[in-house]
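Reviewing the structure listed below.
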Amino acid sequence: MSKRDYYEILGVARSADEKEIKKAYKRLAMKYHPDRNPDNKDAESKFKEVKQAYEILTDQQKRAAYDQYGHAAFEQGGFGGGAGGFGGADFGDIFGDMFGDIFGGGGRGRQRVVRGDDLRYDLEITLEEAVKGTTKDIKINTLVECDSCHGSGAQADSKVETCPTCKGAGRVRRQQGFFVTEQVCPTCHGSGKKIEKPCTKCHGDGRVHKTKNLSVKIPAGVDTGNQLRLSGEGAAGENGAPAGDLYVVIHVKDHHIFERDGNNLYCEVPISFTMAALGGEIEVPTLDGRVNLKIPAETQTGKLFRMRGKGVTSTRSHYAGDLICKVIIETPVKLNEEQRNLLKQLEESLEGSGKNRPKSSSFLDGVKKFFDDLTK
C-alpha cells in the first residue's frame, strides 16, 4: 500500500514553516495518542503516521530530501526515518513546550531566581497612637543574605556548577500517562546548582536566620486591619534574588472611653436628673483635651450631641470625623431620708400632669387604646 504524503497527513501546505508544522503535529498527536484512545488500533496507526511525518518535516535535511525524492529518499536505509514504534515518545515529550510554558520549564539551563518570601507582623497600638500617628520599634525573625558567602552558598575556593539533574531550572517534570507534573529538583533542592564545598555558615543555602530591628512609622488615622508595606524588608531571595516585603498589620486596642466607627468617635456622658431637667454644662473629654458640652433644659436620656471635627482625621481624604456624645441620665443611689422625701414631694407635684411628663402621658394613652381595641 502506497504511503500518504507527509504534508497531507499533517494537513499543512508544502510551504508551511516549522511553527505551522509543530502546531499541526500537537493537535493531531493529542487527538490520536494511545493514552486517549486505549485499544484503538486505527488511532495508534494514525499516531505513528503523524509522528513520522513530523520527524521528517522538522528536519531540514530530511525535508529537503523528501521534497525532491518523496518516500523513495528513505527507502533501503537512506535516512532511517521509519515509523518504528513510538520511539519513547509520550505526552511529556510531545507536549514538552506546551507544559513548559505552563510550569516555567522554559527556564532550563538557567539558574533559578526566586524572590524572597513576604512576611507579616501584627502590631498593636492604642487609639491615641492610631489617631495621631506614632513610630514603633519592632523585631522580626527573617532570612538575610549570608555575609560569609554573600548569597552564593559556596566557600570562596569552591566550584559551583549547574545542577546536572534539572539543568539549572531547580525543578524537574514527571509524566504519568496523560498528566505532566513538576516538582522541586531532588538533587539541588531547588537551587539549580551543584556546590563542591558548601558555605559552613549557611550550609549552602546562601541565607541565614537573623533578628532584625526595624523602626515603623505609623501614619495618623490608621485603623484595625490597615496594612503598612515595608518594601524589601521580607526574607532574602534565593541566588541573590530580591528580598520580599514586610506587611505590618495594625490592631487598635479597645479604649476605656471612646468607641471608633470609621472616622467618628462615640462616648457616653452621664448627667444628673437635675441637669437633664434644668439644663447646664458638663466637661467632656476629647483626644485633643477637655471641652464643655452645653446640655439644654428638658434633655431626655439617649440624646446625641455632635462635636464637629473632634473625631479621627482620615488617612486618605484628610477629613476629620466627629465626636458623638450620648447623654445617659444617671439615677441617684444610696439616698438619705431627706433626699427621699424631697423626691417624693417632687413626684406628688408631677402626678397626673401630662404637661410635665409628655412621654409617660403618651405611653399611657397608647396602652389604654390597645386594651380598648382588644375588648371590641
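Residue numbers start at 1 in each chain; chains themselves are named A, B, ... in the order of the C-alpha cells; ligands are numbered from 1 in the order shown.
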
Contacts of Gly190 in chain A at 12 Å (only C-alpha atoms; same-chain gap of 6+ positions) as a ChimeraX atom specification:
/A:111-114,162-163,165-172,182-184,204-205,238-239

Ranking A:Ala220, A:Ile282, A:Cys199, A:Ala29 by minimum distance to Ser152 in chain A and counting only C-alpha atoms, which one comes first?
A:Cys199

Within 12 Å of Gly116 in chain A, counting only C-alpha atoms, which residues qualify if same-chain residues fewer than 2 places away don't, as a PyMOL selection string?
chain A and resi 113-114+118-119+142-145+207+231-246

Can you check which residues of range 196-352 of chain A DSSP gives as strand (DSSP E or B) on the backbone and send them as a PDB file with C-alpha atoms, in the first residue's frame?
ATOM      1  CA  PRO A 198      29.021  24.444  50.740  1.00  0.00           C
ATOM      2  CA  ARG A 207      20.830  32.757  53.607  1.00  0.00           C
ATOM      3  CA  VAL A 208      20.880  32.715  57.400  1.00  0.00           C
ATOM      4  CA  HIS A 209      18.288  33.412  60.100  1.00  0.00           C
ATOM      5  CA  LYS A 210      18.600  36.755  61.840  1.00  0.00           C
ATOM      6  CA  THR A 211      16.585  39.008  64.136  1.00  0.00           C
ATOM      7  CA  LYS A 212      16.203  42.457  62.594  1.00  0.00           C
ATOM      8  CA  ASN A 213      15.298  45.659  64.430  1.00  0.00           C
ATOM      9  CA  LEU A 214      13.110  47.998  62.399  1.00  0.00           C
ATOM     10  CA  SER A 215      11.521  51.376  63.037  1.00  0.00           C
ATOM     11  CA  VAL A 216       7.978  51.622  61.645  1.00  0.00           C
ATOM     12  CA  LYS A 217       6.298  54.980  61.111  1.00  0.00           C
ATOM     13  CA  ILE A 218       2.547  54.747  61.748  1.00  0.00           C
ATOM     14  CA  GLN A 227      -1.519  47.224  56.434  1.00  0.00           C
ATOM     15  CA  LEU A 228       1.773  49.037  56.032  1.00  0.00           C
ATOM     16  CA  ARG A 229       4.163  47.623  53.421  1.00  0.00           C
ATOM     17  CA  LEU A 230       7.896  47.882  54.049  1.00  0.00           C
ATOM     18  CA  GLU A 238      17.469  32.741  46.671  1.00  0.00           C
ATOM     19  CA  LEU A 246       7.184  43.050  55.203  1.00  0.00           C
ATOM     20  CA  TYR A 247       3.496  43.752  55.859  1.00  0.00           C
ATOM     21  CA  VAL A 248       2.730  45.342  59.226  1.00  0.00           C
ATOM     22  CA  VAL A 249      -0.924  44.703  60.140  1.00  0.00           C
ATOM     23  CA  ILE A 250      -2.441  47.235  62.567  1.00  0.00           C
ATOM     24  CA  HIS A 251      -4.594  46.264  65.561  1.00  0.00           C
ATOM     25  CA  VAL A 252      -6.040  49.124  67.659  1.00  0.00           C
ATOM     26  CA  GLU A 259     -15.540  53.671  70.575  1.00  0.00           C
ATOM     27  CA  ARG A 260     -14.500  54.214  66.980  1.00  0.00           C
ATOM     28  CA  ASP A 261     -16.643  53.806  63.865  1.00  0.00           C
ATOM     29  CA  ASN A 264     -16.219  59.135  64.136  1.00  0.00           C
ATOM     30  CA  LEU A 265     -15.728  58.614  67.862  1.00  0.00           C
ATOM     31  CA  TYR A 266     -18.550  57.771  70.270  1.00  0.00           C
ATOM     32  CA  CYS A 267     -18.771  58.103  74.034  1.00  0.00           C
ATOM     33  CA  GLU A 268     -21.448  58.020  76.748  1.00  0.00           C
ATOM     34  CA  VAL A 269     -21.785  61.044  79.051  1.00  0.00           C
ATOM     35  CA  PRO A 270     -23.695  60.517  82.323  1.00  0.00           C
ATOM     36  CA  ILE A 271     -25.679  63.549  83.570  1.00  0.00           C
ATOM     37  CA  SER A 272     -27.832  64.080  86.628  1.00  0.00           C
ATOM     38  CA  GLY A 280     -26.390  73.193  82.236  1.00  0.00           C
ATOM     39  CA  GLU A 281     -22.856  72.481  81.103  1.00  0.00           C
ATOM     40  CA  ILE A 282     -20.650  69.448  81.601  1.00  0.00           C
ATOM     41  CA  GLU A 283     -16.983  68.858  80.839  1.00  0.00           C
ATOM     42  CA  VAL A 284     -16.348  66.028  78.370  1.00  0.00           C
ATOM     43  CA  PRO A 285     -13.043  64.517  77.139  1.00  0.00           C
ATOM     44  CA  THR A 286     -11.757  64.586  73.581  1.00  0.00           C
ATOM     45  CA  GLY A 289      -8.239  67.813  75.552  1.00  0.00           C
ATOM     46  CA  ARG A 290     -11.344  68.772  77.536  1.00  0.00           C
ATOM     47  CA  VAL A 291     -14.291  70.770  76.193  1.00  0.00           C
ATOM     48  CA  ASN A 292     -17.576  71.965  77.683  1.00  0.00           C
ATOM     49  CA  LEU A 293     -20.793  70.426  76.386  1.00  0.00           C
ATOM     50  CA  LYS A 294     -23.947  72.510  76.790  1.00  0.00           C
ATOM     51  CA  ILE A 295     -26.988  70.495  77.887  1.00  0.00           C
ATOM     52  CA  LEU A 304     -26.942  62.541  70.877  1.00  0.00           C
ATOM     53  CA  PHE A 305     -24.744  65.628  70.714  1.00  0.00           C
ATOM     54  CA  ARG A 306     -22.311  66.020  67.830  1.00  0.00           C
ATOM     55  CA  MET A 307     -18.995  67.834  68.258  1.00  0.00           C
ATOM     56  CA  THR A 313      -8.724  62.537  60.541  1.00  0.00           C
ATOM     57  CA  ALA A 320     -11.859  64.975  60.291  1.00  0.00           C
ATOM     58  CA  LEU A 323     -17.180  63.111  68.382  1.00  0.00           C
ATOM     59  CA  ILE A 324     -20.718  61.975  69.159  1.00  0.00           C
ATOM     60  CA  CYS A 325     -21.742  62.123  72.814  1.00  0.00           C
ATOM     61  CA  LYS A 326     -24.724  60.162  74.050  1.00  0.00           C
ATOM     62  CA  VAL A 327     -26.138  61.504  77.322  1.00  0.00           C
ATOM     63  CA  ILE A 328     -27.343  58.999  79.874  1.00  0.00           C
ATOM     64  CA  ILE A 329     -29.435  60.233  82.815  1.00  0.00           C
ATOM     65  CA  GLU A 330     -27.991  58.691  85.926  1.00  0.00           C
TER      66      GLU A 330
END

DSSP alpha helix (DSSP H) residues within range 196-374 of chain A, listed as a VMD selection string:
chain A and resid 273 to 278 337 to 350 358 to 374

Could you check the closest approach to Tyr66 in chain A for each of A:Asp117, A:Asp372, A:Asp288, A:Asp5 and tell me which residue wins, using only C-alpha atoms?
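Using only C-alpha atoms, the shortest distance to Tyr66 in chain A belongs to A:Asp5.
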
Residues within 10 Å of range 40-43 of chain A, only C-alpha atoms, excluding chain neighbours under 6 positions, as an MDAnalysis selection string:
chainID A and resid 29 31:34 49

What gap, in Å, lies between CA of Asn341 in chain A and CA of Thr274 in chain A?
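Separation of CA of Asn341 in chain A and CA of Thr274 in chain A: 15.9 Å.
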